[in-house]
file input-v9.cif (mmCIF, C-alpha atoms, pLDDT in the B column; chains and numbers go by the auth columns)
data_input
loop_
_atom_site.group_PDB
_atom_site.id
_atom_site.type_symbol
_atom_site.label_atom_id
_atom_site.label_comp_id
_atom_site.label_asym_id
_atom_site.label_seq_id
_atom_site.Cartn_x
_atom_site.Cartn_y
_atom_site.Cartn_z
_atom_site.B_iso_or_equiv
_atom_site.auth_seq_id
_atom_site.auth_asym_id
ATOM 1 C CA MET A 1 0.000 0.000 0.000 32.00 1 A
ATOM 2 C CA PRO A 2 1.190 3.584 -0.604 34.00 2 A
ATOM 3 C CA ALA A 3 3.213 4.938 2.319 38.00 3 A
ATOM 4 C CA GLU A 4 0.936 7.970 2.469 51.00 4 A
ATOM 5 C CA ASN A 5 -2.047 5.919 3.653 62.00 5 A
ATOM 6 C CA THR A 6 -2.691 3.914 6.801 60.00 6 A
ATOM 7 C CA LEU A 7 -4.534 0.689 7.494 61.00 7 A
ATOM 8 C CA GLN A 8 -5.052 -0.368 11.091 60.00 8 A
ATOM 9 C CA LEU A 9 -7.055 -2.706 13.276 58.00 9 A
ATOM 10 C CA TYR A 10 -8.309 -1.888 16.744 53.00 10 A
ATOM 11 C CA CYS A 11 -10.952 -2.738 19.303 49.00 11 A
ATOM 12 C CA TYR A 12 -12.685 -1.313 22.343 42.00 12 A
ATOM 13 C CA CYS A 13 -12.414 -3.052 25.677 41.00 13 A
ATOM 14 C CA ARG A 14 -14.201 -2.297 28.944 40.00 14 A
ATOM 15 C CA SER A 15 -13.146 -3.730 32.275 40.00 15 A
ATOM 16 C CA PRO A 16 -14.244 -3.133 35.870 39.00 16 A
ATOM 17 C CA ASP A 17 -10.548 -2.497 36.591 41.00 17 A
ATOM 18 C CA SER A 18 -10.489 0.531 34.259 39.00 18 A
ATOM 19 C CA PRO A 19 -12.366 3.601 35.586 36.00 19 A
ATOM 20 C CA GLU A 20 -14.002 5.410 32.711 38.00 20 A
ATOM 21 C CA ASP A 21 -12.729 8.849 33.775 38.00 21 A
ATOM 22 C CA LYS A 22 -9.112 7.805 33.163 40.00 22 A
ATOM 23 C CA ARG A 23 -9.168 7.477 29.389 48.00 23 A
ATOM 24 C CA PHE A 24 -6.946 9.943 27.565 56.00 24 A
ATOM 25 C CA MET A 25 -8.441 12.466 25.172 54.00 25 A
ATOM 26 C CA ILE A 26 -7.028 11.669 21.747 58.00 26 A
ATOM 27 C CA GLY A 27 -6.581 13.491 18.464 58.00 27 A
ATOM 28 C CA GLN A 28 -5.226 11.561 15.483 62.00 28 A
ATOM 29 C CA LEU A 29 -3.372 12.495 12.291 57.00 29 A
ATOM 30 C CA HIS A 30 -2.431 10.166 9.449 58.00 30 A
ATOM 31 C CA GLU A 31 0.808 11.320 7.862 50.00 31 A
ATOM 32 C CA GLY A 32 1.568 11.733 4.164 47.00 32 A
ATOM 33 C CA ASN A 33 1.420 14.023 1.143 43.00 33 A
ATOM 34 C CA THR A 34 -1.637 14.922 -0.886 43.00 34 A
ATOM 35 C CA ALA A 35 -2.363 17.534 -3.522 37.00 35 A
ATOM 36 C CA VAL A 36 -5.881 18.101 -2.242 37.00 36 A
ATOM 37 C CA GLU A 37 -6.170 21.550 -0.618 50.00 37 A
ATOM 38 C CA GLU A 38 -8.157 20.422 2.404 70.00 38 A
ATOM 39 C CA LYS A 39 -5.296 20.094 4.829 81.00 39 A
ATOM 40 C CA ARG A 40 -6.374 22.657 7.392 83.00 40 A
ATOM 41 C CA PHE A 41 -5.852 20.320 10.336 87.00 41 A
ATOM 42 C CA THR A 42 -2.403 19.345 9.087 89.00 42 A
ATOM 43 C CA LYS A 43 -1.476 23.011 8.812 89.00 43 A
ATOM 44 C CA ILE A 44 -2.768 23.693 12.325 89.00 44 A
ATOM 45 C CA LEU A 45 -0.767 20.810 13.776 91.00 45 A
ATOM 46 C CA GLN A 46 2.400 21.796 11.929 91.00 46 A
ATOM 47 C CA SER A 47 2.186 25.253 13.498 92.00 47 A
ATOM 48 C CA LYS A 48 2.025 23.886 17.058 93.00 48 A
ATOM 49 C CA THR A 49 4.624 22.719 19.562 93.00 49 A
ATOM 50 C CA PHE A 50 3.801 19.524 21.446 96.00 50 A
ATOM 51 C CA ALA A 51 5.240 17.719 24.435 96.00 51 A
ATOM 52 C CA LYS A 52 7.500 14.803 23.524 95.00 52 A
ATOM 53 C CA ASP A 53 6.403 11.194 23.814 95.00 53 A
ATOM 54 C CA ARG A 54 7.004 10.160 27.434 94.00 54 A
ATOM 55 C CA PHE A 55 5.038 6.925 27.454 94.00 55 A
ATOM 56 C CA GLU A 56 6.480 3.473 28.015 94.00 56 A
ATOM 57 C CA HIS A 57 7.859 1.674 24.958 95.00 57 A
ATOM 58 C CA LEU A 58 8.251 -2.105 25.034 94.00 58 A
ATOM 59 C CA VAL A 59 10.143 -4.258 22.552 93.00 59 A
ATOM 60 C CA ASN A 60 7.458 -6.962 22.617 92.00 60 A
ATOM 61 C CA GLY A 61 4.280 -7.891 24.450 93.00 61 A
ATOM 62 C CA GLU A 62 5.540 -10.441 26.967 92.00 62 A
ATOM 63 C CA ASP A 63 5.021 -8.064 29.907 90.00 63 A
ATOM 64 C CA VAL A 64 1.593 -6.847 28.778 92.00 64 A
ATOM 65 C CA THR A 65 -0.605 -8.986 31.010 92.00 65 A
ATOM 66 C CA LEU A 66 -3.859 -8.787 32.933 90.00 66 A
ATOM 67 C CA GLU A 67 -1.899 -8.853 36.185 91.00 67 A
ATOM 68 C CA ARG A 68 0.113 -5.819 35.068 91.00 68 A
ATOM 69 C CA PHE A 69 -3.015 -3.845 34.189 89.00 69 A
ATOM 70 C CA ARG A 70 -4.638 -4.692 37.509 89.00 70 A
ATOM 71 C CA ARG A 71 -1.504 -3.529 39.291 90.00 71 A
ATOM 72 C CA THR A 72 -0.957 -0.305 37.334 85.00 72 A
ATOM 73 C CA GLY A 73 -4.514 0.560 36.306 83.00 73 A
ATOM 74 C CA LEU A 74 -3.435 1.184 32.691 82.00 74 A
ATOM 75 C CA LYS A 75 -3.312 4.910 33.379 85.00 75 A
ATOM 76 C CA GLU A 76 -1.136 5.764 30.379 90.00 76 A
ATOM 77 C CA PRO A 77 -0.711 4.397 26.848 91.00 77 A
ATOM 78 C CA ILE A 78 1.893 1.698 26.198 93.00 78 A
ATOM 79 C CA LEU A 79 3.657 1.293 22.841 95.00 79 A
ATOM 80 C CA ILE A 80 4.766 -2.191 21.802 96.00 80 A
ATOM 81 C CA GLU A 81 7.221 -2.295 18.923 94.00 81 A
ATOM 82 C CA ARG A 82 6.732 -5.952 17.951 93.00 82 A
ATOM 83 C CA MET A 83 3.642 -8.117 18.347 93.00 83 A
ATOM 84 C CA GLU A 84 5.545 -11.143 19.669 94.00 84 A
ATOM 85 C CA GLY A 85 4.306 -12.112 23.119 95.00 85 A
ATOM 86 C CA LEU A 86 0.928 -10.407 22.758 95.00 86 A
ATOM 87 C CA GLY A 87 -0.889 -13.565 21.706 95.00 87 A
ATOM 88 C CA MET A 88 -2.158 -11.574 18.734 94.00 88 A
ATOM 89 C CA GLU A 89 -2.598 -12.489 15.082 94.00 89 A
ATOM 90 C CA MET A 90 -2.925 -10.081 12.161 93.00 90 A
ATOM 91 C CA PRO A 91 -3.370 -10.554 8.386 91.00 91 A
ATOM 92 C CA GLU A 92 -0.181 -11.497 6.586 82.00 92 A
ATOM 93 C CA GLY A 93 1.039 -10.687 3.112 76.00 93 A
ATOM 94 C CA GLY A 94 0.174 -7.002 2.805 84.00 94 A
ATOM 95 C CA LEU A 95 -3.554 -6.498 3.378 91.00 95 A
ATOM 96 C CA THR A 96 -5.007 -3.893 0.999 93.00 96 A
ATOM 97 C CA VAL A 97 -8.184 -1.845 1.109 95.00 97 A
ATOM 98 C CA SER A 98 -9.396 -3.815 -1.895 96.00 98 A
ATOM 99 C CA ASP A 99 -8.876 -6.992 0.166 96.00 99 A
ATOM 100 C CA VAL A 100 -10.952 -5.468 2.969 96.00 100 A
ATOM 101 C CA ALA A 101 -13.755 -4.654 0.526 97.00 101 A
ATOM 102 C CA ASP A 102 -13.721 -8.209 -0.831 97.00 102 A
ATOM 103 C CA MET A 103 -13.864 -9.806 2.624 97.00 103 A
ATOM 104 C CA CYS A 104 -16.404 -7.422 4.151 97.00 104 A
ATOM 105 C CA GLY A 105 -18.653 -7.093 1.096 97.00 105 A
ATOM 106 C CA ARG A 106 -18.258 -4.500 -1.630 97.00 106 A
ATOM 107 C CA THR A 107 -21.941 -3.557 -1.471 98.00 107 A
ATOM 108 C CA ARG A 108 -21.813 -2.903 2.280 97.00 108 A
ATOM 109 C CA THR A 109 -22.612 0.711 3.142 97.00 109 A
ATOM 110 C CA ILE A 110 -20.164 2.379 5.516 97.00 110 A
ATOM 111 C CA ASP A 111 -19.867 5.716 7.298 95.00 111 A
ATOM 112 C CA VAL A 112 -17.074 7.924 5.988 96.00 112 A
ATOM 113 C CA ILE A 113 -15.761 11.091 7.641 94.00 113 A
ATOM 114 C CA GLU A 114 -15.143 14.222 5.574 93.00 114 A
ATOM 115 C CA VAL A 115 -12.023 15.428 7.351 92.00 115 A
ATOM 116 C CA SER A 116 -12.294 19.154 6.653 88.00 116 A
ATOM 117 C CA THR A 117 -15.725 19.386 8.309 87.00 117 A
ATOM 118 C CA GLN A 118 -15.577 16.285 10.557 89.00 118 A
ATOM 119 C CA THR A 119 -19.014 15.308 9.245 90.00 119 A
ATOM 120 C CA GLU A 120 -20.264 11.922 8.030 93.00 120 A
ATOM 121 C CA ARG A 121 -21.361 10.694 4.636 95.00 121 A
ATOM 122 C CA SER A 122 -22.174 7.215 3.335 97.00 122 A
ATOM 123 C CA MET A 123 -20.654 5.160 0.548 96.00 123 A
ATOM 124 C CA THR A 124 -20.204 1.493 -0.304 98.00 124 A
ATOM 125 C CA LEU A 125 -16.984 -0.357 0.384 98.00 125 A
ATOM 126 C CA ASN A 126 -16.535 -0.713 -3.364 98.00 126 A
ATOM 127 C CA GLU A 127 -16.722 3.073 -3.775 98.00 127 A
ATOM 128 C CA TRP A 128 -14.353 3.520 -0.851 97.00 128 A
ATOM 129 C CA ALA A 129 -11.775 1.101 -2.296 97.00 129 A
ATOM 130 C CA LYS A 130 -11.824 2.961 -5.620 97.00 130 A
ATOM 131 C CA TYR A 131 -11.420 6.289 -3.819 96.00 131 A
ATOM 132 C CA PHE A 132 -8.571 5.000 -1.651 95.00 132 A
ATOM 133 C CA ASP A 133 -6.610 3.507 -4.547 94.00 133 A
ATOM 134 C CA GLN A 134 -6.708 6.553 -6.803 93.00 134 A
ATOM 135 C CA PRO A 135 -3.746 8.979 -6.934 92.00 135 A
ATOM 136 C CA PRO A 136 -3.868 11.640 -4.176 88.00 136 A
ATOM 137 C CA GLU A 137 -4.197 14.484 -6.682 88.00 137 A
ATOM 138 C CA LYS A 138 -7.427 12.942 -7.985 90.00 138 A
ATOM 139 C CA ARG A 139 -9.178 13.091 -4.613 89.00 139 A
ATOM 140 C CA GLU A 140 -11.528 16.043 -4.286 88.00 140 A
ATOM 141 C CA ARG A 141 -11.997 15.446 -0.550 91.00 141 A
ATOM 142 C CA ILE A 142 -9.917 13.924 2.235 93.00 142 A
ATOM 143 C CA LEU A 143 -12.003 11.056 3.584 94.00 143 A
ATOM 144 C CA ASN A 144 -11.450 8.756 6.540 95.00 144 A
ATOM 145 C CA VAL A 145 -13.014 5.455 7.666 95.00 145 A
ATOM 146 C CA ILE A 146 -12.952 4.933 11.432 92.00 146 A
ATOM 147 C CA SER A 147 -16.022 2.819 12.239 90.00 147 A
ATOM 148 C CA LEU A 148 -15.971 -0.337 10.095 94.00 148 A
ATOM 149 C CA GLU A 149 -16.740 -3.154 12.547 93.00 149 A
ATOM 150 C CA ILE A 150 -15.575 -6.492 11.122 93.00 150 A
ATOM 151 C CA SER A 151 -16.369 -9.078 13.823 86.00 151 A
ATOM 152 C CA ASP A 152 -18.822 -11.040 11.658 86.00 152 A
ATOM 153 C CA THR A 153 -16.804 -10.946 8.417 94.00 153 A
ATOM 154 C CA PRO A 154 -14.184 -13.274 6.890 95.00 154 A
ATOM 155 C CA LEU A 155 -11.553 -10.630 7.713 95.00 155 A
ATOM 156 C CA SER A 156 -12.071 -11.268 11.426 92.00 156 A
ATOM 157 C CA GLN A 157 -10.938 -14.867 10.904 93.00 157 A
ATOM 158 C CA LYS A 158 -7.480 -13.522 10.066 93.00 158 A
ATOM 159 C CA CYS A 159 -7.297 -11.510 13.288 93.00 159 A
ATOM 160 C CA LEU A 160 -6.877 -12.475 16.923 93.00 160 A
ATOM 161 C CA ARG A 161 -6.896 -9.709 19.499 92.00 161 A
ATOM 162 C CA PRO A 162 -4.111 -9.583 22.115 93.00 162 A
ATOM 163 C CA LYS A 163 -4.638 -12.042 24.955 94.00 163 A
ATOM 164 C CA VAL A 164 -4.815 -9.263 27.540 92.00 164 A
ATOM 165 C CA VAL A 165 -7.622 -7.614 25.556 90.00 165 A
ATOM 166 C CA ARG A 166 -9.562 -10.868 25.419 89.00 166 A
ATOM 167 C CA ASP A 167 -8.992 -11.350 29.154 90.00 167 A
ATOM 168 C CA LEU A 168 -10.428 -7.890 29.882 86.00 168 A
ATOM 169 C CA ASP A 169 -13.289 -7.862 27.394 82.00 169 A
ATOM 170 C CA TRP A 170 -16.712 -7.909 29.068 80.00 170 A
ATOM 171 C CA ILE A 171 -18.222 -9.549 25.987 77.00 171 A
ATOM 172 C CA GLU A 172 -15.802 -12.445 26.441 77.00 172 A
ATOM 173 C CA THR A 173 -16.022 -12.659 30.232 80.00 173 A
ATOM 174 C CA VAL A 174 -19.546 -11.506 31.170 79.00 174 A
ATOM 175 C CA TRP A 175 -21.911 -11.636 28.195 78.00 175 A
ATOM 176 C CA PRO A 176 -24.171 -14.750 28.327 78.00 176 A
ATOM 177 C CA SER A 177 -22.685 -17.487 26.170 76.00 177 A
ATOM 178 C CA ASP A 178 -26.067 -18.440 24.689 73.00 178 A
ATOM 179 C CA LEU A 179 -26.437 -14.906 23.286 72.00 179 A
ATOM 180 C CA LYS A 180 -22.981 -14.621 21.725 66.00 180 A
ATOM 181 C CA VAL A 181 -24.008 -16.308 18.480 64.00 181 A
ATOM 182 C CA LYS A 182 -26.487 -13.637 17.379 68.00 182 A
ATOM 183 C CA GLU A 183 -27.005 -10.995 20.045 69.00 183 A
ATOM 184 C CA TYR A 184 -24.006 -9.127 21.437 65.00 184 A
ATOM 185 C CA PRO A 185 -22.474 -5.632 21.190 65.00 185 A
ATOM 186 C CA ARG A 186 -20.468 -5.614 17.968 70.00 186 A
ATOM 187 C CA VAL A 187 -17.620 -3.382 19.087 71.00 187 A
ATOM 188 C CA GLN A 188 -14.804 -5.902 19.356 78.00 188 A
ATOM 189 C CA LEU A 189 -12.824 -5.382 16.165 89.00 189 A
ATOM 190 C CA TYR A 190 -12.622 -2.487 13.733 91.00 190 A
ATOM 191 C CA CYS A 191 -10.678 -1.791 10.566 94.00 191 A
ATOM 192 C CA LEU A 192 -9.624 1.838 10.069 94.00 192 A
ATOM 193 C CA MET A 193 -8.546 3.082 6.641 94.00 193 A
ATOM 194 C CA SER A 194 -7.137 6.574 6.279 93.00 194 A
ATOM 195 C CA VAL A 195 -5.611 8.491 3.397 93.00 195 A
ATOM 196 C CA ALA A 196 -2.855 11.038 3.943 90.00 196 A
ATOM 197 C CA ASP A 197 -3.714 14.046 6.118 91.00 197 A
ATOM 198 C CA SER A 198 -6.791 12.412 7.606 92.00 198 A
ATOM 199 C CA TYR A 199 -7.590 13.770 11.047 93.00 199 A
ATOM 200 C CA THR A 200 -9.925 12.741 13.848 91.00 200 A
ATOM 201 C CA ASP A 201 -10.587 15.518 16.343 92.00 201 A
ATOM 202 C CA PHE A 202 -10.116 15.061 20.088 93.00 202 A
ATOM 203 C CA HIS A 203 -12.463 12.579 21.709 90.00 203 A
ATOM 204 C CA ILE A 204 -12.870 10.142 24.585 87.00 204 A
ATOM 205 C CA ASP A 205 -13.747 6.666 23.346 81.00 205 A
ATOM 206 C CA PHE A 206 -17.304 5.679 24.155 74.00 206 A
ATOM 207 C CA GLY A 207 -18.167 4.482 27.635 73.00 207 A
ATOM 208 C CA GLY A 208 -14.677 5.277 28.863 70.00 208 A
ATOM 209 C CA SER A 209 -13.443 2.200 27.012 77.00 209 A
ATOM 210 C CA SER A 210 -9.809 1.260 26.599 80.00 210 A
ATOM 211 C CA VAL A 211 -8.569 0.717 23.047 85.00 211 A
ATOM 212 C CA PHE A 212 -5.765 -1.179 21.372 90.00 212 A
ATOM 213 C CA TYR A 213 -4.473 -0.226 17.925 92.00 213 A
ATOM 214 C CA HIS A 214 -2.245 -2.209 15.593 94.00 214 A
ATOM 215 C CA LEU A 215 -0.925 -0.334 12.577 93.00 215 A
ATOM 216 C CA LEU A 216 -0.605 -2.542 9.500 92.00 216 A
ATOM 217 C CA SER A 217 0.847 0.088 7.170 91.00 217 A
ATOM 218 C CA GLY A 218 1.692 3.779 6.971 91.00 218 A
ATOM 219 C CA GLU A 219 2.258 6.154 9.890 92.00 219 A
ATOM 220 C CA LYS A 220 -0.138 7.474 12.524 93.00 220 A
ATOM 221 C CA VAL A 221 0.262 10.389 14.918 94.00 221 A
ATOM 222 C CA PHE A 222 -1.627 10.549 18.212 94.00 222 A
ATOM 223 C CA TYR A 223 -2.155 13.661 20.333 95.00 223 A
ATOM 224 C CA PHE A 224 -2.870 12.878 23.980 95.00 224 A
ATOM 225 C CA ILE A 225 -4.313 15.112 26.695 95.00 225 A
ATOM 226 C CA GLU A 226 -4.290 13.792 30.253 94.00 226 A
ATOM 227 C CA PRO A 227 -7.833 13.478 31.699 91.00 227 A
ATOM 228 C CA THR A 228 -7.309 15.631 34.785 94.00 228 A
ATOM 229 C CA LYS A 229 -10.371 17.277 36.328 95.00 229 A
ATOM 230 C CA ALA A 230 -9.338 20.627 34.866 96.00 230 A
ATOM 231 C CA ASN A 231 -8.762 19.157 31.404 95.00 231 A
ATOM 232 C CA LEU A 232 -12.042 17.246 31.456 95.00 232 A
ATOM 233 C CA LYS A 233 -13.904 20.473 32.236 96.00 233 A
ATOM 234 C CA LYS A 234 -12.158 22.163 29.303 96.00 234 A
ATOM 235 C CA TYR A 235 -12.993 19.201 27.081 94.00 235 A
ATOM 236 C CA GLU A 236 -16.659 19.339 28.101 95.00 236 A
ATOM 237 C CA LYS A 237 -16.802 23.060 27.370 96.00 237 A
ATOM 238 C CA TRP A 238 -15.003 22.631 24.030 95.00 238 A
ATOM 239 C CA SER A 239 -17.086 19.655 22.868 92.00 239 A
ATOM 240 C CA SER A 240 -20.363 21.512 23.501 93.00 240 A
ATOM 241 C CA SER A 241 -19.211 24.823 22.029 92.00 241 A
ATOM 242 C CA PRO A 242 -20.556 26.069 18.671 90.00 242 A
ATOM 243 C CA ASP A 243 -16.955 27.149 17.968 88.00 243 A
ATOM 244 C CA GLN A 244 -15.552 23.650 18.440 88.00 244 A
ATOM 245 C CA GLY A 245 -14.490 23.324 14.813 83.00 245 A
ATOM 246 C CA ALA A 246 -12.512 26.563 14.970 86.00 246 A
ATOM 247 C CA THR A 247 -10.799 25.866 18.295 91.00 247 A
ATOM 248 C CA PHE A 248 -7.867 23.497 18.757 93.00 248 A
ATOM 249 C CA LEU A 249 -8.314 21.795 22.124 95.00 249 A
ATOM 250 C CA GLY A 250 -4.559 21.391 22.547 95.00 250 A
ATOM 251 C CA ASP A 251 -4.279 25.178 22.894 95.00 251 A
ATOM 252 C CA GLU A 252 -6.669 25.158 25.846 95.00 252 A
ATOM 253 C CA VAL A 253 -4.655 22.807 28.064 96.00 253 A
ATOM 254 C CA LYS A 254 -1.238 22.879 29.698 95.00 254 A
ATOM 255 C CA GLU A 255 0.216 19.919 27.808 96.00 255 A
ATOM 256 C CA CYS A 256 -0.587 17.924 24.680 96.00 256 A
ATOM 257 C CA VAL A 257 1.682 14.949 23.943 96.00 257 A
ATOM 258 C CA GLU A 258 2.566 13.912 20.388 96.00 258 A
ATOM 259 C CA VAL A 259 3.207 10.216 19.705 95.00 259 A
ATOM 260 C CA ARG A 260 4.202 8.847 16.290 94.00 260 A
ATOM 261 C CA ILE A 261 3.842 5.172 15.455 93.00 261 A
ATOM 262 C CA GLY A 262 4.786 3.190 12.377 92.00 262 A
ATOM 263 C CA ALA A 263 3.702 -0.047 10.757 92.00 263 A
ATOM 264 C CA GLY A 264 3.923 -3.064 13.050 92.00 264 A
ATOM 265 C CA THR A 265 3.430 -1.048 16.236 94.00 265 A
ATOM 266 C CA THR A 266 0.671 -1.829 18.750 94.00 266 A
#
call {"tool": "encode", "arguments": {"input": "input-v9.cif", "output": "structure tokens"}}
result
Amino acid sequence: MPAENTLQLYCYCRSPDSPEDKRFMIGQLHEGNTAVEEKRFTKILQSKTFAKDRFEHLVNGEDVTLERFRRTGLKEPILIERMEGLGMEMPEGGLTVSDVADMCGRTRTIDVIEVSTQTERSMTLNEWAKYFDQPPEKRERILNVISLEISDTPLSQKCLRPKVVRDLDWIETVWPSDLKVKEYPRVQLYCLMSVADSYTDFHIDFGGSSVFYHLLSGEKVFYFIEPTKANLKKYEKWSSSPDQGATFLGDEVKECVEVRIGAGTT
């Protein structure tokens, strides 16, 4: 896949050991070059100064266990450079967006984010694959897919979430087994597909859930704001403001941390 684009898999995970008011507020940028003049968020970010990545980096996932999370509370993000030891499986052989469309159904309608306005539109996976694969200069809009849930598709058979995620997941540990076949919250596994200069504005994942990401290709930049009481009040004010789209939340807080990750990182 072109280096300008990113393809990633992630899931939400809720646990009674993870208080919902401790999830970081996150903004996300997908790096690259594009000729489309819609890069207002990229320009904003390039004009800012951010705190350096201070989070823990691990070579592999051997130490990422349920016992560790219970002991530490998972209060900050952890970056794992290699997936060995995580008990995780991901598609091999260079998964493409066209592959995703084939395995999830090309006629399936998906929600797509128009980055410049952060609003949603709908298109089929076939339309999305054609858009994604065209040269950057041909794209009239920068679009981003962040909500394609794949649990009941052939693609999910090529993926196994990290063991610690499965150990924490309420659907795995609490949801009645007789309901898992047809009736359960389908929030376990997502496929995100982003062209260059895609941006997702600051947010707290729903229900205070914890999230794991694995980047299959490209580069992704996260912007983290610690969920202190003061910052949460500023976030609440910002998220309900009519001027939200014109205000960069990182300017309203004391510190915003920039973290860059590349392909193969979890």
call {"tool": "residues_around", "arguments": {"input": "input-v9.cif", "residues": "Pro162 in chain A", "least_positions_apart": "4", "cutoff": "6 Å", "atoms": "only C-alpha atoms", "output": "list in words"}}
result
Leu86, Gly87 and Met88 of chain A
call {"tool": "residues_around", "arguments": {"input": "input-v9.cif", "residues": "Asn144 in chain A", "least_positions_apart": "4", "cutoff": "12 Å", "atoms": "all atoms listed in the file", "output": "VMD selection string"}}
result
chain A and resid 5 to 7 28 to 30 110 to 123 128 to 129 131 to 132 148 191 to 201
call {"tool": "write_last_selection", "arguments": {"input": "input-v9.cif", "atoms": "C-alpha atoms", "output": "short mmCIF file (atom, residue, chain, number, x, y, z; two decimals), keeping the file's coordinate frame"}}
result
data_model
loop_
_atom_site.label_atom_id
_atom_site.label_comp_id
_atom_site.auth_asym_id
_atom_site.auth_seq_id
_atom_site.Cartn_x
_atom_site.Cartn_y
_atom_site.Cartn_z
CA ASN A 5 -2.05 5.92 3.65
CA THR A 6 -2.69 3.91 6.80
CA LEU A 7 -4.53 0.69 7.49
CA GLN A 28 -5.23 11.56 15.48
CA LEU A 29 -3.37 12.50 12.29
CA HIS A 30 -2.43 10.17 9.45
CA ILE A 110 -20.16 2.38 5.52
CA ASP A 111 -19.87 5.72 7.30
CA VAL A 112 -17.07 7.92 5.99
CA ILE A 113 -15.76 11.09 7.64
CA GLU A 114 -15.14 14.22 5.57
CA VAL A 115 -12.02 15.43 7.35
CA SER A 116 -12.29 19.15 6.65
CA THR A 117 -15.72 19.39 8.31
CA GLN A 118 -15.58 16.28 10.56
CA THR A 119 -19.01 15.31 9.24
CA GLU A 120 -20.26 11.92 8.03
CA ARG A 121 -21.36 10.69 4.64
CA SER A 122 -22.17 7.22 3.34
CA MET A 123 -20.65 5.16 0.55
CA TRP A 128 -14.35 3.52 -0.85
CA ALA A 129 -11.78 1.10 -2.30
CA TYR A 131 -11.42 6.29 -3.82
CA PHE A 132 -8.57 5.00 -1.65
CA LEU A 148 -15.97 -0.34 10.10
CA CYS A 191 -10.68 -1.79 10.57
CA LEU A 192 -9.62 1.84 10.07
CA MET A 193 -8.55 3.08 6.64
CA SER A 194 -7.14 6.57 6.28
CA VAL A 195 -5.61 8.49 3.40
CA ALA A 196 -2.86 11.04 3.94
CA ASP A 197 -3.71 14.05 6.12
CA SER A 198 -6.79 12.41 7.61
CA TYR A 199 -7.59 13.77 11.05
CA THR A 200 -9.93 12.74 13.85
CA ASP A 201 -10.59 15.52 16.34
#
call {"tool": "residues_around", "arguments": {"input": "input-v9.cif", "residues": "Asp167 in chain A", "least_positions_apart": "4", "cutoff": "9 Å", "atoms": "only C-alpha atoms", "output": "PyMOL selection string"}}
result
chain A and resi 65-66+162-163+172-173
call {"tool": "resolve_selection", "arguments": {"input": "input-v9.cif", "expression": "the PyMOL selection byres ((chain A and resi 107) around 8)", "output": "list in words"}}
result
Gly105, Arg106, Arg108, Thr109, Thr124, Leu125 and Asn126 of chain A
call {"tool": "write_last_selection", "arguments": {"input": "input-v9.cif", "atoms": "C-alpha atoms", "output": "compact mmCIF listing (two decimals), in the coordinates of the input"}}
result
# COMPACT_ATOMS: atom_id res chain seq x y z
CA GLY A 105 -18.65 -7.09 1.10
CA ARG A 106 -18.26 -4.50 -1.63
CA ARG A 108 -21.81 -2.90 2.28
CA THR A 109 -22.61 0.71 3.14
CA THR A 124 -20.20 1.49 -0.30
CA LEU A 125 -16.98 -0.36 0.38
CA ASN A 126 -16.54 -0.71 -3.36
call {"tool": "closest_atom_pairs", "arguments": {"input": "input-v9.cif", "of": "range 39-97 of chain A", "to": "range 246-251 of chain A", "cutoff": "9 Å", "atoms": "all atoms listed in the file", "output": "CSV"}}
result
residue,atom,partner,partner_atom,distance
A:Ile44,CA,A:Phe248,CA,8.2
A:Lys48,CA,A:Asp251,CA,8.7
A:Phe50,CA,A:Gly250,CA,8.6
call {"tool": "write_last_selection", "arguments": {"input": "input-v9.cif", "atoms": "C-alpha atoms", "output": "mmCIF file, keeping the file's coordinate frame"}}
result
data_model
loop_
_atom_site.group_PDB
_atom_site.id
_atom_site.type_symbol
_atom_site.label_atom_id
_atom_site.label_comp_id
_atom_site.auth_asym_id
_atom_site.auth_seq_id
_atom_site.Cartn_x
_atom_site.Cartn_y
_atom_site.Cartn_z
ATOM 1 C CA ILE A 44 -2.768 23.693 12.325
ATOM 2 C CA LYS A 48 2.025 23.886 17.058
ATOM 3 C CA PHE A 50 3.801 19.524 21.446
#
call {"tool": "residues_near_point", "arguments": {"input": "input-v9.cif", "point": "(-20.5, -9.7, 7.8)", "cutoff": "6 Å", "atoms": "only C-alpha atoms", "output": "list in words"}}
result
Cys104, Asp152 and Thr153 of chain A
call {"tool": "resolve_selection", "arguments": {"input": "input-v9.cif", "expression": "the PyMOL selection byres ((chain A and resi 53) around 10)", "output": "list in words"}}
result
Phe50, Ala51, Lys52, Arg54, Phe55, Glu56, His57, Phe222, Tyr223, Phe224, Cys256, Val257, Glu258, Val259 and Arg260 of chain A
call {"tool": "atom_distance", "arguments": {"input": "input-v9.cif", "atom1": "CA of Val97 in chain A", "atom2": "CA of Ser217 in chain A"}}
result
11.0 Å
call {"tool": "atom_distance", "arguments": {"input": "input-v9.cif", "atom1": "CA of Lys229 in chain A", "atom2": "CA of Gln46 in chain A"}}
result
27.9 Å
call {"tool": "closest_residue", "arguments": {"input": "input-v9.cif", "among": "A:Val164, A:Ala101, A:Leu216, A:Leu74", "to": "Glu62 in chain A", "atoms": "all atoms listed in the file"}}
result
A:Val164
call {"tool": "atom_distance", "arguments": {"input": "input-v9.cif", "atom1": "CA of Arg40 in chain A", "atom2": "CA of Asp243 in chain A"}}
result
15.6 Å
call {"tool": "closest_residue", "arguments": {"input": "input-v9.cif", "among": "A:Glu38, A:Glu67, A:Asp178, A:Glu84", "to": "Arg139 in chain A", "atoms": "only C-alpha atoms"}}
result
A:Glu38
